[in-house]
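Data block for final23.cif (mmCIF, C-alpha atoms and all ligand atoms):
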data_start
#
loop_
_atom_site.group_PDB
_atom_site.id
_atom_site.type_symbol
_atom_site.label_atom_id
_atom_site.label_comp_id
_atom_site.auth_asym_id
_atom_site.auth_seq_id
_atom_site.Cartn_x
_atom_site.Cartn_y
_atom_site.Cartn_z
ATOM 1 C CA MET G 1 30.626 -107.159 -152.460
ATOM 2 C CA PHE G 2 30.064 -109.373 -155.514
ATOM 3 C CA PRO G 3 26.401 -108.912 -156.443
ATOM 4 C CA ASN G 4 26.254 -111.682 -159.018
ATOM 5 C CA GLY G 5 29.638 -113.292 -158.866
ATOM 6 C CA SER G 6 30.428 -112.478 -162.495
ATOM 7 C CA PHE G 7 32.934 -109.722 -161.750
ATOM 8 C CA GLU G 8 35.144 -111.989 -159.734
ATOM 9 C CA GLN G 9 35.166 -114.719 -162.368
ATOM 10 C CA GLY G 10 35.872 -112.376 -165.275
ATOM 11 C CA LYS G 11 39.082 -110.867 -163.984
ATOM 12 C CA PRO G 12 42.253 -112.595 -162.808
ATOM 13 C CA HIS G 13 43.067 -112.075 -159.132
ATOM 14 C CA PRO G 14 46.601 -112.316 -157.726
ATOM 15 C CA ALA G 15 45.582 -114.706 -154.950
ATOM 16 C CA ARG G 16 43.816 -117.026 -157.419
ATOM 17 C CA VAL G 17 46.655 -116.882 -159.972
ATOM 18 C CA TYR G 18 49.033 -117.903 -157.188
ATOM 19 C CA ASP G 19 46.615 -120.649 -156.123
ATOM 20 C CA SER G 20 46.657 -121.920 -159.707
ATOM 21 C CA LEU G 21 50.472 -121.883 -159.738
ATOM 22 C CA LEU G 22 50.342 -123.962 -156.562
ATOM 23 C CA GLY G 23 48.037 -126.485 -158.242
ATOM 24 C CA GLY G 24 45.072 -125.408 -156.063
ATOM 25 C CA LYS G 25 41.402 -125.618 -157.018
ATOM 26 C CA ASP G 26 40.210 -122.173 -155.924
ATOM 27 C CA ASN G 27 40.694 -120.428 -159.254
ATOM 28 C CA TYR G 28 38.924 -119.836 -162.562
ATOM 29 C CA PRO G 29 39.962 -120.296 -166.210
ATOM 30 C CA VAL G 30 40.906 -116.627 -166.392
ATOM 31 C CA ASP G 31 43.385 -117.149 -163.527
ATOM 32 C CA GLN G 32 44.655 -120.446 -164.966
ATOM 33 C CA ALA G 33 45.367 -118.726 -168.299
ATOM 34 C CA VAL G 34 47.574 -116.160 -166.580
ATOM 35 C CA ALA G 35 49.325 -118.813 -164.475
ATOM 36 C CA GLU G 36 50.016 -120.869 -167.606
ATOM 37 C CA GLY G 37 51.283 -117.803 -169.477
ATOM 38 C CA ILE G 38 53.694 -116.984 -166.645
ATOM 39 C CA ALA G 39 54.852 -120.614 -166.448
ATOM 40 C CA GLN G 40 55.510 -120.699 -170.204
ATOM 41 C CA ARG G 41 57.837 -117.746 -169.783
ATOM 42 C CA TRP G 42 59.356 -118.894 -166.511
ATOM 43 C CA PRO G 43 58.898 -122.676 -166.120
ATOM 44 C CA GLU G 44 60.444 -122.827 -162.638
ATOM 45 C CA ILE G 45 57.810 -120.493 -161.209
ATOM 46 C CA GLN G 46 55.382 -123.279 -160.293
ATOM 47 C CA ARG G 47 57.988 -125.217 -158.369
ATOM 48 C CA SER G 48 59.149 -121.933 -156.901
ATOM 49 C CA ALA G 49 55.649 -121.138 -155.600
ATOM 50 C CA GLN G 50 55.333 -124.604 -154.085
ATOM 51 C CA GLN G 51 58.783 -124.323 -152.539
ATOM 52 C CA ASN G 52 57.860 -120.889 -151.210
ATOM 53 C CA ARG G 53 55.014 -122.504 -149.220
ATOM 54 C CA ALA G 54 57.376 -125.219 -147.994
ATOM 55 C CA TRP G 55 59.929 -122.558 -146.999
ATOM 56 C CA MET G 56 57.243 -120.718 -145.027
ATOM 57 C CA ALA G 57 56.447 -123.943 -143.160
ATOM 58 C CA ARG G 58 60.112 -124.550 -142.296
ATOM 59 C CA ALA G 59 60.562 -120.928 -141.170
ATOM 60 C CA VAL G 60 57.473 -121.194 -138.919
ATOM 61 C CA ARG G 61 58.713 -124.456 -137.424
ATOM 62 C CA HIS G 62 62.077 -122.816 -136.749
ATOM 63 C CA MET G 63 60.435 -119.834 -135.026
ATOM 64 C CA VAL G 64 58.354 -122.134 -132.813
ATOM 65 C CA LYS G 65 61.101 -124.624 -132.014
ATOM 66 C CA GLU G 66 64.169 -122.413 -131.690
ATOM 67 C CA GLY G 67 62.558 -119.103 -130.749
ATOM 68 C CA GLY G 68 59.598 -120.262 -128.656
ATOM 69 C CA VAL G 69 57.281 -118.147 -130.811
ATOM 70 C CA THR G 70 53.614 -119.001 -130.399
ATOM 71 C CA GLN G 71 51.965 -116.036 -132.130
ATOM 72 C CA PHE G 72 52.159 -114.951 -135.729
ATOM 73 C CA LEU G 73 51.143 -112.036 -137.940
ATOM 74 C CA ASP G 74 50.898 -113.306 -141.526
ATOM 75 C CA ILE G 75 50.388 -110.456 -144.019
ATOM 76 C CA GLY G 76 49.570 -111.455 -147.608
ATOM 77 C CA THR G 77 48.088 -114.774 -146.557
ATOM 78 C CA GLY G 78 46.702 -115.866 -149.910
ATOM 79 C CA ILE G 79 43.993 -118.447 -150.513
ATOM 80 C CA PRO G 80 44.189 -121.179 -147.863
ATOM 81 C CA THR G 81 46.643 -123.905 -148.877
ATOM 82 C CA ARG G 82 47.387 -126.798 -146.592
ATOM 83 C CA PRO G 83 49.261 -126.761 -144.410
ATOM 84 C CA ASN G 84 48.206 -123.248 -143.457
ATOM 85 C CA LEU G 85 50.308 -121.371 -140.938
ATOM 86 C CA HIS G 86 47.976 -122.022 -137.991
ATOM 87 C CA GLU G 87 47.956 -125.735 -138.784
ATOM 88 C CA ILE G 88 51.766 -125.814 -138.647
ATOM 89 C CA ALA G 89 52.058 -123.705 -135.476
ATOM 90 C CA GLN G 90 49.134 -125.250 -133.571
ATOM 91 C CA GLY G 91 50.394 -128.695 -134.557
ATOM 92 C CA MET G 92 53.474 -127.844 -132.483
ATOM 93 C CA VAL G 93 51.923 -125.579 -129.812
ATOM 94 C CA PRO G 94 48.148 -126.081 -129.525
ATOM 95 C CA SER G 95 47.582 -122.630 -128.018
ATOM 96 C CA ALA G 96 49.324 -120.792 -130.876
ATOM 97 C CA ARG G 97 47.591 -117.621 -132.137
ATOM 98 C CA ILE G 98 47.623 -116.266 -135.653
ATOM 99 C CA VAL G 99 46.353 -113.107 -137.330
ATOM 100 C CA TYR G 100 45.974 -113.481 -141.076
ATOM 101 C CA VAL G 101 45.872 -110.323 -143.229
ATOM 102 C CA ASP G 102 45.158 -109.889 -146.934
ATOM 103 C CA ASN G 103 43.620 -107.104 -149.025
ATOM 104 C CA ASP G 104 42.075 -109.328 -151.709
ATOM 105 C CA PRO G 105 38.337 -109.917 -151.144
ATOM 106 C CA VAL G 106 38.790 -113.344 -152.746
ATOM 107 C CA VAL G 107 40.904 -114.399 -149.765
ATOM 108 C CA LEU G 108 38.285 -113.059 -147.347
ATOM 109 C CA ARG G 109 35.734 -115.363 -148.989
ATOM 110 C CA HIS G 110 37.944 -118.357 -148.202
ATOM 111 C CA ALA G 111 38.897 -117.192 -144.722
ATOM 112 C CA GLU G 112 36.785 -119.761 -142.884
ATOM 113 C CA ALA G 113 39.428 -122.408 -143.579
ATOM 114 C CA LEU G 114 41.938 -120.162 -141.843
ATOM 115 C CA LEU G 115 39.780 -119.665 -138.791
ATOM 116 C CA THR G 116 39.223 -123.264 -137.841
ATOM 117 C CA PRO G 117 41.780 -124.028 -135.139
ATOM 118 C CA ILE G 118 43.182 -127.534 -135.127
ATOM 119 C CA SER G 119 43.211 -127.424 -131.318
ATOM 120 C CA PRO G 120 40.602 -126.036 -128.898
ATOM 121 C CA GLU G 121 43.186 -123.761 -127.252
ATOM 122 C CA GLY G 122 44.367 -122.277 -130.549
ATOM 123 C CA ARG G 123 43.006 -119.119 -132.093
ATOM 124 C CA SER G 124 43.215 -117.391 -135.440
ATOM 125 C CA THR G 125 41.596 -114.270 -136.810
ATOM 126 C CA TYR G 126 41.356 -112.746 -140.261
ATOM 127 C CA LEU G 127 41.792 -109.068 -141.084
ATOM 128 C CA GLN G 128 40.912 -107.547 -144.452
ATOM 129 C CA ALA G 129 43.554 -104.818 -144.675
ATOM 130 C CA ASP G 130 46.386 -103.417 -146.718
ATOM 131 C CA LEU G 131 50.072 -103.865 -145.957
ATOM 132 C CA ARG G 132 50.623 -100.319 -147.227
ATOM 133 C CA ASP G 133 48.881 -99.044 -144.093
ATOM 134 C CA PRO G 134 50.840 -100.943 -141.436
ATOM 135 C CA ARG G 135 49.681 -98.700 -138.594
ATOM 136 C CA ALA G 136 46.060 -99.598 -139.330
ATOM 137 C CA VAL G 137 47.003 -103.295 -139.266
ATOM 138 C CA LEU G 138 48.750 -102.910 -135.904
ATOM 139 C CA ALA G 139 45.900 -100.861 -134.398
ATOM 140 C CA SER G 140 43.161 -103.241 -135.542
ATOM 141 C CA PRO G 141 41.183 -105.166 -132.898
ATOM 142 C CA GLU G 142 42.115 -108.371 -134.719
ATOM 143 C CA VAL G 143 45.771 -107.719 -133.893
ATOM 144 C CA THR G 144 45.425 -106.063 -130.485
ATOM 145 C CA GLU G 145 42.964 -108.676 -129.172
ATOM 146 C CA THR G 146 44.738 -111.717 -130.602
ATOM 147 C CA LEU G 147 48.439 -110.963 -130.202
ATOM 148 C CA ASP G 148 50.324 -110.004 -127.061
ATOM 149 C CA MET G 149 52.830 -107.458 -128.325
ATOM 150 C CA THR G 150 54.952 -107.826 -125.203
ATOM 151 C CA ARG G 151 55.886 -111.361 -126.261
ATOM 152 C CA PRO G 152 57.780 -112.415 -129.423
ATOM 153 C CA VAL G 153 55.804 -112.469 -132.636
ATOM 154 C CA GLY G 154 56.620 -114.148 -135.934
ATOM 155 C CA LEU G 155 55.938 -111.633 -138.709
ATOM 156 C CA VAL G 156 55.464 -113.505 -141.985
ATOM 157 C CA LEU G 157 55.677 -111.603 -145.291
ATOM 158 C CA ALA G 158 55.759 -114.452 -147.777
ATOM 159 C CA ALA G 159 55.742 -113.410 -151.433
ATOM 160 C CA ILE G 160 54.018 -110.064 -150.796
ATOM 161 C CA LEU G 161 56.599 -107.246 -150.645
ATOM 162 C CA HIS G 162 57.156 -107.445 -154.438
ATOM 163 C CA PHE G 163 53.645 -105.987 -154.806
ATOM 164 C CA LEU G 164 54.923 -102.719 -153.293
ATOM 165 C CA ASP G 165 56.853 -100.375 -155.556
ATOM 166 C CA GLU G 166 59.500 -97.945 -154.309
ATOM 167 C CA ASP G 167 56.984 -95.093 -154.082
ATOM 168 C CA GLU G 168 55.073 -97.181 -151.555
ATOM 169 C CA ASP G 169 58.219 -97.440 -149.428
ATOM 170 C CA PRO G 170 58.348 -101.167 -148.636
ATOM 171 C CA ALA G 171 61.346 -100.665 -146.327
ATOM 172 C CA GLY G 172 59.442 -97.975 -144.392
ATOM 173 C CA VAL G 173 56.371 -100.215 -144.131
ATOM 174 C CA LEU G 174 58.545 -103.006 -142.792
ATOM 175 C CA ARG G 175 60.196 -100.659 -140.282
ATOM 176 C CA VAL G 176 56.803 -99.655 -138.817
ATOM 177 C CA LEU G 177 55.917 -103.323 -138.343
ATOM 178 C CA VAL G 178 59.309 -104.347 -136.948
ATOM 179 C CA ASP G 179 59.387 -101.384 -134.552
ATOM 180 C CA ALA G 180 56.118 -102.641 -133.044
ATOM 181 C CA LEU G 181 57.572 -106.082 -132.307
ATOM 182 C CA PRO G 182 59.378 -106.915 -129.061
ATOM 183 C CA ALA G 183 62.898 -108.346 -128.960
ATOM 184 C CA GLY G 184 62.929 -112.039 -129.740
ATOM 185 C CA SER G 185 60.507 -111.554 -132.630
ATOM 186 C CA TYR G 186 61.266 -112.819 -136.126
ATOM 187 C CA VAL G 187 60.637 -111.638 -139.677
ATOM 188 C CA ALA G 188 60.224 -114.332 -142.330
ATOM 189 C CA LEU G 189 60.316 -112.668 -145.729
ATOM 190 C CA SER G 190 60.316 -114.062 -149.261
ATOM 191 C CA HIS G 191 60.366 -112.077 -152.483
ATOM 192 C CA ALA G 192 60.433 -112.482 -156.262
ATOM 193 C CA CYS G 193 63.990 -112.150 -157.560
ATOM 194 C CA GLY G 194 65.129 -112.101 -161.180
ATOM 195 C CA ASP G 195 68.892 -112.174 -160.577
ATOM 196 C CA ALA G 196 69.496 -115.631 -162.012
ATOM 197 C CA ASP G 197 67.774 -114.872 -165.316
ATOM 198 C CA PRO G 198 66.667 -111.220 -165.505
ATOM 199 C CA VAL G 199 65.399 -111.484 -169.095
ATOM 200 C CA ARG G 200 63.035 -114.394 -168.452
ATOM 201 C CA ALA G 201 61.935 -112.967 -165.118
ATOM 202 C CA GLU G 202 61.116 -109.646 -166.758
ATOM 203 C CA GLU G 203 59.160 -111.421 -169.524
ATOM 204 C CA ALA G 204 57.051 -113.222 -166.920
ATOM 205 C CA SER G 205 56.593 -109.999 -164.958
ATOM 206 C CA ALA G 206 55.575 -108.112 -168.132
ATOM 207 C CA PHE G 207 53.011 -110.802 -168.948
ATOM 208 C CA TYR G 208 51.546 -110.411 -165.456
ATOM 209 C CA ARG G 209 51.455 -106.658 -165.961
ATOM 210 C CA GLN G 210 49.804 -106.898 -169.402
ATOM 211 C CA ASN G 211 47.057 -109.087 -167.956
ATOM 212 C CA LYS G 212 46.384 -106.483 -165.290
ATOM 213 C CA VAL G 213 46.271 -109.072 -162.532
ATOM 214 C CA SER G 214 47.342 -106.540 -159.957
ATOM 215 C CA LYS G 215 49.837 -103.777 -159.663
ATOM 216 C CA PRO G 216 53.082 -104.763 -161.419
ATOM 217 C CA VAL G 217 55.322 -107.169 -159.561
ATOM 218 C CA VAL G 218 58.608 -105.513 -158.631
ATOM 219 C CA LEU G 219 61.497 -107.911 -159.099
ATOM 220 C CA ARG G 220 64.220 -107.025 -156.615
ATOM 221 C CA THR G 221 67.829 -108.132 -156.505
ATOM 222 C CA GLN G 222 69.404 -110.351 -153.872
ATOM 223 C CA LYS G 223 71.048 -107.245 -152.377
ATOM 224 C CA GLN G 224 67.769 -105.320 -152.232
ATOM 225 C CA ILE G 225 66.037 -108.244 -150.540
ATOM 226 C CA GLU G 226 68.868 -108.513 -148.010
ATOM 227 C CA GLU G 227 68.466 -104.811 -147.232
ATOM 228 C CA PHE G 228 64.960 -105.491 -145.942
ATOM 229 C CA PHE G 229 66.646 -107.275 -143.020
ATOM 230 C CA THR G 230 68.602 -104.166 -141.950
ATOM 231 C CA GLY G 231 68.521 -103.891 -138.162
ATOM 232 C CA LEU G 232 67.759 -107.595 -137.746
ATOM 233 C CA GLU G 233 70.124 -110.523 -137.339
ATOM 234 C CA LEU G 234 69.818 -112.317 -140.679
ATOM 235 C CA LEU G 235 69.999 -115.977 -139.689
ATOM 236 C CA GLU G 236 72.000 -118.557 -141.649
ATOM 237 C CA PRO G 237 72.005 -119.232 -144.539
ATOM 238 C CA GLY G 238 70.880 -115.646 -145.243
ATOM 239 C CA VAL G 239 68.682 -114.746 -148.207
ATOM 240 C CA VAL G 240 68.747 -117.710 -150.583
ATOM 241 C CA PRO G 241 66.479 -119.403 -153.144
ATOM 242 C CA VAL G 242 63.649 -120.653 -150.955
ATOM 243 C CA ASP G 243 64.396 -124.346 -151.489
ATOM 244 C CA ARG G 244 67.975 -123.783 -150.264
ATOM 245 C CA TRP G 245 66.828 -122.344 -146.939
ATOM 246 C CA ARG G 246 67.504 -125.085 -144.379
ATOM 247 C CA PRO G 247 66.050 -127.786 -146.644
ATOM 248 C CA ASP G 248 64.648 -130.900 -145.049
ATOM 249 C CA ALA G 249 64.232 -134.367 -146.509
ATOM 250 C CA SER G 250 61.078 -133.348 -148.378
ATOM 251 C CA VAL G 251 62.919 -130.846 -150.592
ATOM 252 C CA SER G 252 63.959 -132.480 -153.850
ATOM 253 C CA GLU G 253 66.814 -131.288 -156.029
ATOM 254 C CA GLY G 254 65.721 -128.537 -158.387
ATOM 255 C CA PRO G 255 67.085 -125.929 -160.762
ATOM 256 C CA ASP G 256 69.221 -123.084 -159.401
ATOM 257 C CA ASP G 257 66.854 -120.355 -160.517
ATOM 258 C CA MET G 258 63.928 -120.598 -158.172
ATOM 259 C CA GLY G 259 62.478 -117.125 -158.654
ATOM 260 C CA PHE G 260 61.576 -116.664 -154.986
ATOM 261 C CA ARG G 261 64.263 -115.967 -152.420
ATOM 262 C CA GLY G 262 63.690 -115.862 -148.701
ATOM 263 C CA GLY G 263 65.304 -115.394 -145.338
ATOM 264 C CA LEU G 264 64.598 -115.198 -141.620
ATOM 265 C CA GLY G 265 65.613 -112.296 -139.397
ATOM 266 C CA LEU G 266 65.696 -112.079 -135.595
ATOM 267 C CA LYS G 267 65.056 -108.848 -133.709
ATOM 268 C CA HIS G 268 67.425 -108.108 -130.839
ATOM 269 C CA GLY G 269 67.450 -105.285 -128.320
ATOM 270 C CA THR G 270 64.593 -103.754 -126.455
ATOM 271 C CA ALA G 271 61.119 -103.373 -127.797
HETATM 272 C C1 LIG K 301 51.715 -114.514 -153.987
HETATM 273 S S1 LIG K 301 50.462 -114.508 -152.760
HETATM 274 C C2 LIG K 301 51.370 -115.207 -151.380
HETATM 275 C C3 LIG K 301 50.495 -116.034 -150.450
HETATM 276 C C4 LIG K 301 51.220 -116.639 -149.255
HETATM 277 N N1 LIG K 301 51.783 -115.620 -148.400
HETATM 278 C C5 LIG K 301 52.301 -117.585 -149.686
HETATM 279 O O1 LIG K 301 53.466 -117.192 -149.678
HETATM 280 O O2 LIG K 301 52.009 -118.717 -150.041
HETATM 281 C C6 LIG K 301 50.413 -112.778 -152.316
HETATM 282 C C7 LIG K 301 49.230 -112.367 -151.482
HETATM 283 O O3 LIG K 301 49.467 -111.026 -151.031
HETATM 284 C C8 LIG K 301 48.254 -110.309 -151.128
HETATM 285 N N2 LIG K 301 48.586 -108.873 -151.233
HETATM 286 C C9 LIG K 301 49.178 -108.234 -152.271
HETATM 287 N N3 LIG K 301 49.320 -106.924 -151.984
HETATM 288 C C10 LIG K 301 48.798 -106.734 -150.746
HETATM 289 C C11 LIG K 301 48.662 -105.589 -149.895
HETATM 290 N N4 LIG K 301 49.091 -104.382 -150.289
HETATM 291 N N5 LIG K 301 48.100 -105.765 -148.682
HETATM 292 C C12 LIG K 301 47.664 -106.982 -148.277
HETATM 293 N N6 LIG K 301 47.767 -108.102 -149.045
HETATM 294 C C13 LIG K 301 48.328 -107.979 -150.266
HETATM 295 C C14 LIG K 301 47.569 -110.863 -152.354
HETATM 296 O O4 LIG K 301 46.175 -110.623 -152.321
HETATM 297 C C15 LIG K 301 47.915 -112.346 -152.255
HETATM 298 O O5 LIG K 301 46.933 -113.058 -151.549
#

Just give me the structure as structure tokens.
Ligand SMILES: C[S@@+](CC[C@H](N)C(=O)[O-])C[C@H]1O[C@@H](n2cnc3c(N)ncnc32)[C@H](O)[C@@H]1O
Amino acid sequence: MFPNGSFEQGKPHPARVYDSLLGGKDNYPVDQAVAEGIAQRWPEIQRSAQQNRAWMARAVRHMVKEGGVTQFLDIGTGIPTRPNLHEIAQGMVPSARIVYVDNDPVVLRHAEALLTPISPEGRSTYLQADLRDPRAVLASPEVTETLDMTRPVGLVLAAILHFLDEDEDPAGVLRVLVDALPAGSYVALSHACGDADPVRAEEASAFYRQNKVSKPVVLRTQKQIEEFFTGLELLEPGVVPVDRWRPDASVSEGPDDMGFRGGLGLKHGTA
């Protein structure tokens, strides 16, 4: 896929830019330059990315503890960052099963760290696939052989839906995935939001666009993000800046404008 490795180092990749924002080591100067440029325009973005990971961990713990969920479909996984989802879930339920999905070959190269269960009973698999083709994700052997779709699943879409523009029908994509889940399943979803400071958010987004990291990031409003939960019970406290979502003792006080907002929805009714 990368004959001499030069291609992947010469061009910023979304997963590596995000890794750089998180303070990770799996990125190159070209990615760091973009991350720094975004942070200059939107200083809270680094804390926001870190708090997005922490939000994901709290949402997973909630799904396991309150919902008895032991299997997860995590689409838009990103470069492994501890704790990874399987480490959180298997730390609570050793037999937990996880399917990780990302379309960036950079993530595939790091997938081994995602596939090492922390318990002998646990299992995780990695699927190189695109969220924009949700039926292919659901029909893949990785999903059908790892997840039991008759039991509740935690669908995790953390900081990915803003890569889909309206023409790609993010709500329709989500509907296909949610329709495949049985009652008792959850959707944990976080998304870039510029409501608190649209001018700065747009500047950061434009910088990302100019550097051709990926397709443009689509900043959506609080209301638009809430609409993704249509048909689900949106659990308290609703869609909020990620550090305000059921914060625990580890969450320190931060600025109001966190950039990423997230929420957790519960599916009722029959499958
Ligand atoms: C900002 S990172 C989020 C990583 C992780 N979910 C988190 O919240 O910490 C977004 C990830 O989504 C992936 N991604 C973007 N568009 C995608 C698509 N259409 N299908 C699958 N993955 C996609 C990127 O490659 C990247 O790894």

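Atom to atom, CA of Val187 (chain G) and CA of Asp102 (chain G) stand 17.2 Å apart.
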
When the PyMOL selection byres (((chain G and resi 113-121) around 7) and not hetatm) is applied to the file above, which residues end up in the set, as a ChimeraX atom specification?
/G:80,87,90,94-95,110-112,122-125

Selected residues written out, C-alpha atoms, as a PDB file, keeping the file's coordinate frame:
ATOM      1  CA  PRO G  80      44.189-121.179-147.863  1.00  0.00           C
ATOM      2  CA  GLU G  87      47.956-125.735-138.784  1.00  0.00           C
ATOM      3  CA  GLN G  90      49.134-125.250-133.571  1.00  0.00           C
ATOM      4  CA  PRO G  94      48.148-126.081-129.525  1.00  0.00           C
ATOM      5  CA  SER G  95      47.582-122.630-128.018  1.00  0.00           C
ATOM      6  CA  HIS G 110      37.944-118.357-148.202  1.00  0.00           C
ATOM      7  CA  ALA G 111      38.897-117.192-144.722  1.00  0.00           C
ATOM      8  CA  GLU G 112      36.785-119.761-142.884  1.00  0.00           C
ATOM      9  CA  GLY G 122      44.367-122.277-130.549  1.00  0.00           C
ATOM     10  CA  ARG G 123      43.006-119.119-132.093  1.00  0.00           C
ATOM     11  CA  SER G 124      43.215-117.391-135.440  1.00  0.00           C
ATOM     12  CA  THR G 125      41.596-114.270-136.810  1.00  0.00           C
TER      13      THR G 125
END

Residues matched by the PyMOL selection byres (((chain G and resi 168-173) around 8) and not hetatm), written as a PyMOL selection string:
chain G and resi 131-134+161+164-167+174-177+228

Looking at G:Gln46, G:Ser185, G:Ser252, G:Thr230, which one is nearest to ligand LIG 301 (chain K), with distances taken over only C-alpha atoms and all ligand atoms?
G:Gln46

Give me the residues within 12 Å of Arg41 (chain G) as a list in words, counting all atoms listed in the file and dropping any in the same chain fewer than 3 places off.
Val34, Ala35, Glu36, Gly37, Ile38, Glu44, Ile45, Gln46, Asp197, Pro198, Val199, Arg200, Ala201, Glu202, Glu203, Ala204, Ser205, Ala206, Phe207 and Tyr208 of chain G

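Minimum atom-to-atom distance to ligand LIG 301 (chain K), evaluated using all atoms listed in the file, belongs to G:Asn103 out of G:Asn27, G:Gln40, G:Asn103, G:Gln50.
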
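Applied to the shown file, the PyMOL selection byres (((not hetatm)) within 6 of (chain K and resi 301)) selects the residues Pro14, Ala15, Tyr18, Asn52, Arg53, Gly76, Thr77, Gly78, Asp102, Asn103, Asp104, Ala129, Asp130, Leu131, Arg132, Ala158, Ala159, Ile160 and Phe163 of chain G.
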
Save out the residues we just selected, C-alpha atoms, as a PDB file, in the coordinates of the input.
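Generated output (selection-v4.pdb):
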ATOM      1  CA  PRO G  14      46.601-112.316-157.726  1.00  0.00           C
ATOM      2  CA  ALA G  15      45.582-114.706-154.950  1.00  0.00           C
ATOM      3  CA  TYR G  18      49.033-117.903-157.188  1.00  0.00           C
ATOM      4  CA  ASN G  52      57.860-120.889-151.210  1.00  0.00           C
ATOM      5  CA  ARG G  53      55.014-122.504-149.220  1.00  0.00           C
ATOM      6  CA  GLY G  76      49.570-111.455-147.608  1.00  0.00           C
ATOM      7  CA  THR G  77      48.088-114.774-146.557  1.00  0.00           C
ATOM      8  CA  GLY G  78      46.702-115.866-149.910  1.00  0.00           C
ATOM      9  CA  ASP G 102      45.158-109.889-146.934  1.00  0.00           C
ATOM     10  CA  ASN G 103      43.620-107.104-149.025  1.00  0.00           C
ATOM     11  CA  ASP G 104      42.075-109.328-151.709  1.00  0.00           C
ATOM     12  CA  ALA G 129      43.554-104.818-144.675  1.00  0.00           C
ATOM     13  CA  ASP G 130      46.386-103.417-146.718  1.00  0.00           C
ATOM     14  CA  LEU G 131      50.072-103.865-145.957  1.00  0.00           C
ATOM     15  CA  ARG G 132      50.623-100.319-147.227  1.00  0.00           C
ATOM     16  CA  ALA G 158      55.759-114.452-147.777  1.00  0.00           C
ATOM     17  CA  ALA G 159      55.742-113.410-151.433  1.00  0.00           C
ATOM     18  CA  ILE G 160      54.018-110.064-150.796  1.00  0.00           C
ATOM     19  CA  PHE G 163      53.645-105.987-154.806  1.00  0.00           C
TER      20      PHE G 163
END

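Atom pair CA of Val143 (chain G) / CA of Phe72 (chain G) has a distance of 9.8 Å (rounded to one decimal).
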
List as a count of residues only the protein and nucleic acid residues near Gly24 (chain G), meaning an atom at most 10 Å away when all atoms listed in the file are counted, but skip any in the same chain fewer than 5 places from it.
8

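Ranking G:Leu234, G:Ala196, G:Leu147, G:Val156 by their shortest atom-to-atom distance to Val101 (chain G), with all atoms listed in the file included, puts G:Val156 first.
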
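The two atoms in question, CA of Ser48 (chain G) and CA of Gln224 (chain G), are spaced 19.3 Å apart.
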
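Minimum distance to Val153 (chain G) across G:Asp179, G:Glu226, G:Asp31, G:Asp26 (counting all atoms listed in the file) occurs at G:Asp179.
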
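Nearest residue to Lys11 (chain G), choosing from G:Val242, G:Lys212, G:Val64, G:Leu189 and counting all atoms listed in the file: G:Lys212.
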
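Among G:Leu235, G:Val251, G:Ala192, G:Leu264, the residue with the shortest atom-to-atom distance to Val217 (chain G), counting all atoms listed in the file, is G:Ala192.
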
Box in all listed atoms of region 18-26 of chain G, axis-aligned, with 5 Å more on each side; write out centre and edge lengths in Å to one decimal as JSON.
{"center_x": 45.3, "center_y": -122.2, "center_z": -157.8, "size_x": 20.3, "size_y": 18.6, "size_z": 13.8}

List the spatial neighbours of Leu266 (chain G) as a list in words - criterion: any atom at most 10 Å away, all atoms listed in the file, same-chain residues fewer than 6 positions off excluded.
Met63, Gly67, Gly154, Ala183, Gly184, Ser185, Tyr186, Val187, Ala188, Phe229, Gly231, Leu232, Glu233, Leu234 and Leu235 of chain G
